[in-house]
Amino acid sequence: MTVRARSTRVRRGVALAVAGAAAAASLACAPSASADPLDDGQWWRAAMGVDELHRTGAGQGVTVAVIDGPIDSSVPELRGRVASSSTECLTRDGDRRAATLRGPEAGHATSMASLIVGSGKGTTAGGRGISGIAPRATLRHYAVLYARTTDGGGDGCRLDASGLDQSGAATARAIRQAVGDGAKVLSISLSVDYDAALVDALLEAYRAGAIVVASTNNDTRNVFWPGIGNGVVTVTHVDAAGNLDSSALRRSPLLDFAAPGTKVAAGAWTPSGWRSDAISDGASQATAITAGGLAALWSAHPDATGNQVLQAAKDAIGLRAENGTYLTWFRRVGQDLPRSAGKTESYGFGIFSPADAVRLDVAALPDTNPMVVDRGVVSPTAAQIAAVVGAASASTASPSTPTSASPSASAAATAIEETRPAGADEAADAGSPLRVWALAGLLALALATAVLVLSRRRRARRSDGAHDLASPSVSHDPTTATDGVAATMKEHSHGGS
């Protein structure tokens with residue numbers, strides 16, 4: 001893939017991420033079969049145990065940055081809840097754009113902010129509205145994307161007189177500014193062109209100990225910047241049954257978590273004004289819920305680092321036991337459930353469950369970012385990240401760290417296919433919950449072969465990581481196979497830019 005082809009594709013995705021989401025939400029305002037669309041659209045709160053989460057943390061003491069389009073901070077959900085709003089984008093005449101607007105162009109950012117810090121006040125019967133997952137967090141907003149702003153008539157951000165879309169550079173500046181403003185969690189529900197400044201901005205965020213959360217792209221069902229950046233938390237979306245949405249990215253180890261994003265009440269601007277009960281779908285919603293959930297989790301463990309918060313989220317992903325098998329779910333249901341053993345193809349580590357992660361001794365977990373890949377052509381590199389955070393080595397020593405570079409994505413994919421229970425392929429293609437671990441017998445087998453696996457890994461390191469992930473001896477080790485795919489996809493995706 002050339003840089004030119006990629007830029008064109010990403011800019012199209014950017015426009016749909018903002019303008020398209022508002023249109024979809026408006027269309028979803030048709031009368032619902034339920035008597036209360038707002039309650040129906042907030043199904044995710046009960047599924048994720050948000051009320052339980054709030055008994056320990058609701059975002060207090062944590063600043064969350066929303067990097068998006070312009071915002072309308074006057075809607076009931078956000079009144080008095082946006083600490084600041086700014087932009088560096090310019091009009092065609094060279095004037096500074098307005099960071100706050102009323103109307104559809106401000107719909108996307110307003111929805112994302114409402115999902116994070118929404119007050120529960122709104123425009124539906126009784127004055128009810130969207131309740132955020134981290135209502136006590138401090139929210140700061142940075143606008144980096146505007147409709148029809150470039151000389152070609154496309155969406156984006158212009159920073160000078162060139163007339164080009166510079167939303168990638170604008171996003172990098174926003175990340176830096178957010179970190180400087182004290183943001184601990186950055187929520188970025190958009191895709192932008194690659195810009196070298198993004199790499200330095202991510203490093204600055206990691207140096208400050210911040211968590212960067214980014215969405216996948218609904219239109220292309222792929223991952224672009226900043227989601228492709230090494231160490232960024234990349235999110236896709238599921239429905240109330242835990243199934244991947246039809247527009248969700250699947251079978252990509254670039255994913256780190258799944259979260260609610262289908263038929264979510266996120267609000268929207270309509271011809272009659274702001275509608276709190278407007279329903280929409282997308283990875284954007286899942287990203288905002290994840291970012292807010294991380295802020296709530298962090299507020300309950302203020303002495304923990306951002307890396308430890310991510311470790312807790314990874315270890316306590318949603319899971320339920322059923323007939324001796326573990327299925328992805330919104331909460332942890334069952335006794336003696338295992339922690340994450342690695343990434344699955346389509347859910348990443350699994351469905352984000354902050355109400356379960358908050359129960360862990362978060363400050364005692366490893367202070368390393370489990371989303372960092374330490375081999376291959378990734379950017380920023382693990383060595384760069386280790387240098388800025390003061391780590392002793394470039395290795396993250398996490399389940400997502402690859403043990404080798406796979407010779408091909410297809411070979412690695414074959415390895416994962418062989419680790420699934422019978423019938424899992426058909427279930428995944430139909431959108432059913434993915435079986436993330438095998439039966440208890442497989443766990444026993446994994447223990448019995450642990451020494452052999454470690455031996456293989458040591459041999460792989462001595463041979464510079466060149467072993468065949470599709471070979472039968474490795475393909476039946478789910479962790480090894482999954483890690484190999486993660487390495488390959490990270491390498492190939494960035495290597496083509």
# chains A, B, ... in the order shown; residues from 1 in each chain; ligands from 1
$ select_by_dssp --residues "segment 141-304 of chain A" --states "helix (DSSP H, G or I)" --output "MDAnalysis selection string"
chainID A and resid 167:180 196:207 283:300
$ write_last_selection --atoms "N, CA and C atoms" --output "CSV table (one decimal), in the first residue's frame"
chain,number,residue,atom,x,y,z
A,167,SER,N,-5.2,17.0,9.4
A,167,SER,CA,-5.8,16.5,10.6
A,167,SER,C,-4.9,15.5,11.4
A,168,GLY,N,-4.0,14.9,10.7
A,168,GLY,CA,-3.0,14.0,11.4
A,168,GLY,C,-2.1,14.9,12.3
A,169,ALA,N,-1.6,16.0,11.7
A,169,ALA,CA,-0.7,16.9,12.5
A,169,ALA,C,-1.5,17.6,13.6
A,170,ALA,N,-2.8,17.9,13.3
A,170,ALA,CA,-3.6,18.5,14.3
A,170,ALA,C,-3.9,17.6,15.5
A,171,THR,N,-4.1,16.3,15.2
A,171,THR,CA,-4.3,15.3,16.2
A,171,THR,C,-3.1,15.2,17.1
A,172,ALA,N,-1.9,15.2,16.4
A,172,ALA,CA,-0.6,15.1,17.2
A,172,ALA,C,-0.5,16.3,18.1
A,173,ARG,N,-0.9,17.5,17.6
A,173,ARG,CA,-0.8,18.7,18.5
A,173,ARG,C,-1.8,18.6,19.6
A,174,ALA,N,-3.0,18.1,19.3
A,174,ALA,CA,-4.0,17.9,20.4
A,174,ALA,C,-3.5,17.0,21.5
A,175,ILE,N,-2.9,15.9,21.1
A,175,ILE,CA,-2.4,14.9,22.1
A,175,ILE,C,-1.4,15.6,23.0
A,176,ARG,N,-0.5,16.3,22.4
A,176,ARG,CA,0.5,17.0,23.2
A,176,ARG,C,-0.1,18.0,24.1
A,177,GLN,N,-1.1,18.8,23.6
A,177,GLN,CA,-1.7,19.8,24.4
A,177,GLN,C,-2.5,19.1,25.6
A,178,ALA,N,-3.2,18.1,25.2
A,178,ALA,CA,-4.0,17.3,26.3
A,178,ALA,C,-3.1,16.8,27.4
A,179,VAL,N,-1.9,16.3,27.0
A,179,VAL,CA,-1.0,15.8,28.0
A,179,VAL,C,-0.5,17.0,28.8
A,180,GLY,N,-0.2,18.1,28.2
A,180,GLY,CA,0.2,19.3,28.9
A,180,GLY,C,-0.8,19.8,29.8
A,196,ALA,N,4.3,12.2,10.9
A,196,ALA,CA,5.4,11.8,11.8
A,196,ALA,C,5.2,12.4,13.2
A,197,ALA,N,4.5,13.5,13.3
A,197,ALA,CA,4.3,14.2,14.6
A,197,ALA,C,3.5,13.3,15.5
A,198,LEU,N,2.7,12.4,15.0
A,198,LEU,CA,1.9,11.5,15.8
A,198,LEU,C,2.8,10.6,16.7
A,199,VAL,N,3.9,10.2,16.1
A,199,VAL,CA,4.8,9.3,16.8
A,199,VAL,C,5.4,10.0,18.1
A,200,ASP,N,5.9,11.2,17.8
A,200,ASP,CA,6.4,12.0,18.9
A,200,ASP,C,5.4,12.3,20.0
A,201,ALA,N,4.1,12.6,19.5
A,201,ALA,CA,3.1,12.9,20.4
A,201,ALA,C,2.7,11.7,21.3
A,202,LEU,N,2.7,10.5,20.7
A,202,LEU,CA,2.4,9.3,21.5
A,202,LEU,C,3.5,9.1,22.5
A,203,LEU,N,4.7,9.3,22.1
A,203,LEU,CA,5.8,9.1,23.1
A,203,LEU,C,5.7,10.1,24.2
A,204,GLU,N,5.3,11.3,23.9
A,204,GLU,CA,5.1,12.3,25.0
A,204,GLU,C,4.0,11.9,25.9
A,205,ALA,N,2.9,11.3,25.4
A,205,ALA,CA,1.8,10.8,26.2
A,205,ALA,C,2.3,9.7,27.1
A,206,TYR,N,3.1,8.8,26.6
A,206,TYR,CA,3.6,7.7,27.4
A,206,TYR,C,4.6,8.2,28.4
A,207,ARG,N,5.4,9.1,28.1
A,207,ARG,CA,6.3,9.7,29.1
A,207,ARG,C,5.5,10.3,30.3
A,283,ALA,N,-17.7,1.9,16.5
A,283,ALA,CA,-16.5,1.8,17.4
A,283,ALA,C,-16.3,3.1,18.1
A,284,SER,N,-16.8,4.2,17.6
A,284,SER,CA,-16.6,5.5,18.3
A,284,SER,C,-17.2,5.4,19.7
A,285,GLN,N,-18.5,4.9,19.8
A,285,GLN,CA,-19.1,4.8,21.1
A,285,GLN,C,-18.4,3.8,22.0
A,286,ALA,N,-17.9,2.7,21.5
A,286,ALA,CA,-17.2,1.7,22.3
A,286,ALA,C,-15.9,2.4,22.8
A,287,THR,N,-15.3,3.2,22.0
A,287,THR,CA,-14.0,3.9,22.4
A,287,THR,C,-14.3,4.8,23.6
A,288,ALA,N,-15.3,5.6,23.4
A,288,ALA,CA,-15.6,6.6,24.5
A,288,ALA,C,-16.0,5.8,25.8
A,289,ILE,N,-16.7,4.8,25.7
A,289,ILE,CA,-17.1,4.0,26.9
A,289,ILE,C,-15.8,3.4,27.5
A,290,THR,N,-14.9,2.9,26.7
A,290,THR,CA,-13.7,2.3,27.2
A,290,THR,C,-12.8,3.3,27.9
A,291,ALA,N,-12.7,4.5,27.2
A,291,ALA,CA,-11.8,5.5,27.8
A,291,ALA,C,-12.4,6.0,29.1
A,292,GLY,N,-13.7,6.2,29.2
A,292,GLY,CA,-14.4,6.6,30.4
A,292,GLY,C,-14.3,5.5,31.5
A,293,GLY,N,-14.4,4.3,31.1
A,293,GLY,CA,-14.3,3.2,32.0
A,293,GLY,C,-12.9,3.1,32.6
A,294,LEU,N,-11.9,3.3,31.8
A,294,LEU,CA,-10.5,3.3,32.3
A,294,LEU,C,-10.3,4.5,33.3
A,295,ALA,N,-10.9,5.6,33.0
A,295,ALA,CA,-10.8,6.7,34.0
A,295,ALA,C,-11.5,6.4,35.3
A,296,ALA,N,-12.7,5.8,35.2
A,296,ALA,CA,-13.4,5.3,36.5
A,296,ALA,C,-12.5,4.3,37.2
A,297,LEU,N,-12.0,3.4,36.5
A,297,LEU,CA,-11.1,2.4,37.2
A,297,LEU,C,-9.9,3.0,37.8
A,298,TRP,N,-9.3,4.0,37.1
A,298,TRP,CA,-8.1,4.6,37.6
A,298,TRP,C,-8.5,5.5,38.9
A,299,SER,N,-9.6,6.1,38.9
A,299,SER,CA,-10.0,6.9,40.0
A,299,SER,C,-10.2,6.1,41.3
A,300,ALA,N,-10.5,4.8,41.1
A,300,ALA,CA,-10.6,4.0,42.3
A,300,ALA,C,-9.3,3.5,42.8
$ closest_residue --among "A:Ser131, A:Ser191, A:Ser346, A:Ser340" --to "His237 of chain A" --atoms "only C-alpha atoms"
A:Ser346
$ residues_around --residues "Ala65 of chain A" --least-positions-apart "5" --cutoff "7 Å" --atoms "only C-alpha atoms" --output "CSV table (one decimal) with C-alpha atoms, in the first residue's frame"
chain,number,residue,atom,x,y,z
A,139,LEU,CA,-13.3,16.5,30.6
A,140,ARG,CA,-11.2,18.6,28.2
A,141,HIS,CA,-12.0,18.8,24.5
A,178,ALA,CA,-4.0,17.3,26.3
A,183,ALA,CA,-5.1,14.5,30.7
A,185,VAL,CA,-6.8,9.2,29.5
A,186,LEU,CA,-7.2,10.4,25.9
A,187,SER,CA,-10.3,9.3,23.9
$ select_by_dssp --residues "segment 227-338 of chain A" --states "strand (DSSP E)" --output "PyMOL selection string"
chain A and resi 233-238+257-260+264-265+268-270+273-275+279-280+319-322+325-328+332-333
$ write_last_selection --atoms "C-alpha atoms" --output "PDB file, in the first residue's frame"
ATOM      1  CA  VAL A 233      -5.548   0.882  23.143  1.00  0.00           C
ATOM      2  CA  THR A 234      -7.610   0.001  20.043  1.00  0.00           C
ATOM      3  CA  VAL A 235     -11.322  -0.750  20.460  1.00  0.00           C
ATOM      4  CA  THR A 236     -14.110  -2.349  18.399  1.00  0.00           C
ATOM      5  CA  HIS A 237     -17.817  -2.688  19.201  1.00  0.00           C
ATOM      6  CA  VAL A 238     -20.289  -5.372  20.232  1.00  0.00           C
ATOM      7  CA  PHE A 257     -10.634  -4.655  23.551  1.00  0.00           C
ATOM      8  CA  ALA A 258     -14.252  -4.871  22.523  1.00  0.00           C
ATOM      9  CA  ALA A 259     -16.904  -2.743  24.233  1.00  0.00           C
ATOM     10  CA  PRO A 260     -20.596  -1.838  23.828  1.00  0.00           C
ATOM     11  CA  VAL A 264     -26.302   2.867  22.072  1.00  0.00           C
ATOM     12  CA  ALA A 265     -28.112   6.047  23.121  1.00  0.00           C
ATOM     13  CA  ALA A 268     -27.708  13.451  18.061  1.00  0.00           C
ATOM     14  CA  TRP A 269     -28.656  16.752  16.491  1.00  0.00           C
ATOM     15  CA  THR A 270     -31.885  16.559  14.470  1.00  0.00           C
ATOM     16  CA  GLY A 273     -32.710  20.058  18.050  1.00  0.00           C
ATOM     17  CA  TRP A 274     -30.678  17.782  20.307  1.00  0.00           C
ATOM     18  CA  ARG A 275     -32.230  14.370  20.939  1.00  0.00           C
ATOM     19  CA  ILE A 279     -29.570   5.572  18.959  1.00  0.00           C
ATOM     20  CA  SER A 280     -26.421   4.870  16.960  1.00  0.00           C
ATOM     21  CA  LEU A 319     -15.863 -13.853  30.823  1.00  0.00           C
ATOM     22  CA  ARG A 320     -18.487 -16.422  31.700  1.00  0.00           C
ATOM     23  CA  ALA A 321     -18.182 -20.147  32.281  1.00  0.00           C
ATOM     24  CA  GLU A 322     -20.548 -22.337  30.323  1.00  0.00           C
ATOM     25  CA  THR A 325     -15.925 -23.510  28.321  1.00  0.00           C
ATOM     26  CA  TYR A 326     -15.191 -19.802  28.762  1.00  0.00           C
ATOM     27  CA  LEU A 327     -17.101 -17.316  26.635  1.00  0.00           C
ATOM     28  CA  THR A 328     -16.531 -13.586  26.233  1.00  0.00           C
ATOM     29  CA  ARG A 332     -16.940 -12.176  34.933  1.00  0.00           C
ATOM     30  CA  VAL A 333     -19.587 -14.787  35.744  1.00  0.00           C
TER      31      VAL A 333
END
$ closest_residue --among "A:Arg331, A:Arg148, A:Lys184, A:His108" --to "Arg45 of chain A" --atoms "only C-alpha atoms"
A:Arg331
$ residues_around --residues "Val309 of chain A" --least-positions-apart "6" --cutoff "10 Å" --atoms "only C-alpha atoms" --output "count of residues only"
21
$ closest_residue --among "A:Ala125, A:Ala83, A:Leu78, A:Ala58" --to "Met112 of chain A" --atoms "only C-alpha atoms"
A:Leu78
$ closest_atom_pairs --of "segment 212-309 of chain A" --to "segment 384-390 of chain A" --cutoff "12 Å" --atoms "only C-alpha atoms" --output "JSON lines"
{"residue": "A:Gly229", "atom": "CA", "partner": "A:Ile385", "partner_atom": "CA", "distance": 11.3}
{"residue": "A:Asn230", "atom": "CA", "partner": "A:Ile385", "partner_atom": "CA", "distance": 8.8}
{"residue": "A:Gly231", "atom": "CA", "partner": "A:Ile385", "partner_atom": "CA", "distance": 8.4}
{"residue": "A:Val232", "atom": "CA", "partner": "A:Ile385", "partner_atom": "CA", "distance": 11.5}
{"residue": "A:Thr305", "atom": "CA", "partner": "A:Val389", "partner_atom": "CA", "distance": 11.4}
{"residue": "A:Gly306", "atom": "CA", "partner": "A:Val389", "partner_atom": "CA", "distance": 11.5}
{"residue": "A:Asn307", "atom": "CA", "partner": "A:Val389", "partner_atom": "CA", "distance": 10.6}
$ write_last_selection --atoms "N, CA and C atoms" --output "mmCIF file, in the first residue's frame"
data_model
loop_
_atom_site.group_PDB
_atom_site.id
_atom_site.type_symbol
_atom_site.label_atom_id
_atom_site.label_comp_id
_atom_site.auth_asym_id
_atom_site.auth_seq_id
_atom_site.Cartn_x
_atom_site.Cartn_y
_atom_site.Cartn_z
ATOM 1 N N GLY A 229 -0.951 3.080 16.241
ATOM 2 C CA GLY A 229 0.271 3.402 16.974
ATOM 3 C C GLY A 229 0.578 2.376 18.056
ATOM 4 N N ASN A 230 1.829 2.032 18.197
ATOM 5 C CA ASN A 230 2.256 1.047 19.181
ATOM 6 C C ASN A 230 1.959 1.564 20.595
ATOM 7 N N GLY A 231 1.276 0.754 21.379
ATOM 8 C CA GLY A 231 0.931 1.131 22.743
ATOM 9 C C GLY A 231 -0.446 1.735 22.896
ATOM 10 N N VAL A 232 -1.085 2.100 21.779
ATOM 11 C CA VAL A 232 -2.432 2.668 21.833
ATOM 12 C C VAL A 232 -3.441 1.551 22.088
ATOM 13 N N THR A 305 -0.382 3.280 38.199
ATOM 14 C CA THR A 305 0.037 3.943 36.966
ATOM 15 C C THR A 305 -0.940 3.594 35.850
ATOM 16 N N GLY A 306 -0.845 4.334 34.753
ATOM 17 C CA GLY A 306 -1.693 4.021 33.605
ATOM 18 C C GLY A 306 -1.441 2.620 33.086
ATOM 19 N N ASN A 307 -0.184 2.202 33.081
ATOM 20 C CA ASN A 307 0.142 0.854 32.621
ATOM 21 C C ASN A 307 -0.503 -0.198 33.514
#
$ atom_distance --atom1 "atom CA of Val212 of chain A" --atom2 "atom CA of Arg158 of chain A"
23.5 Å
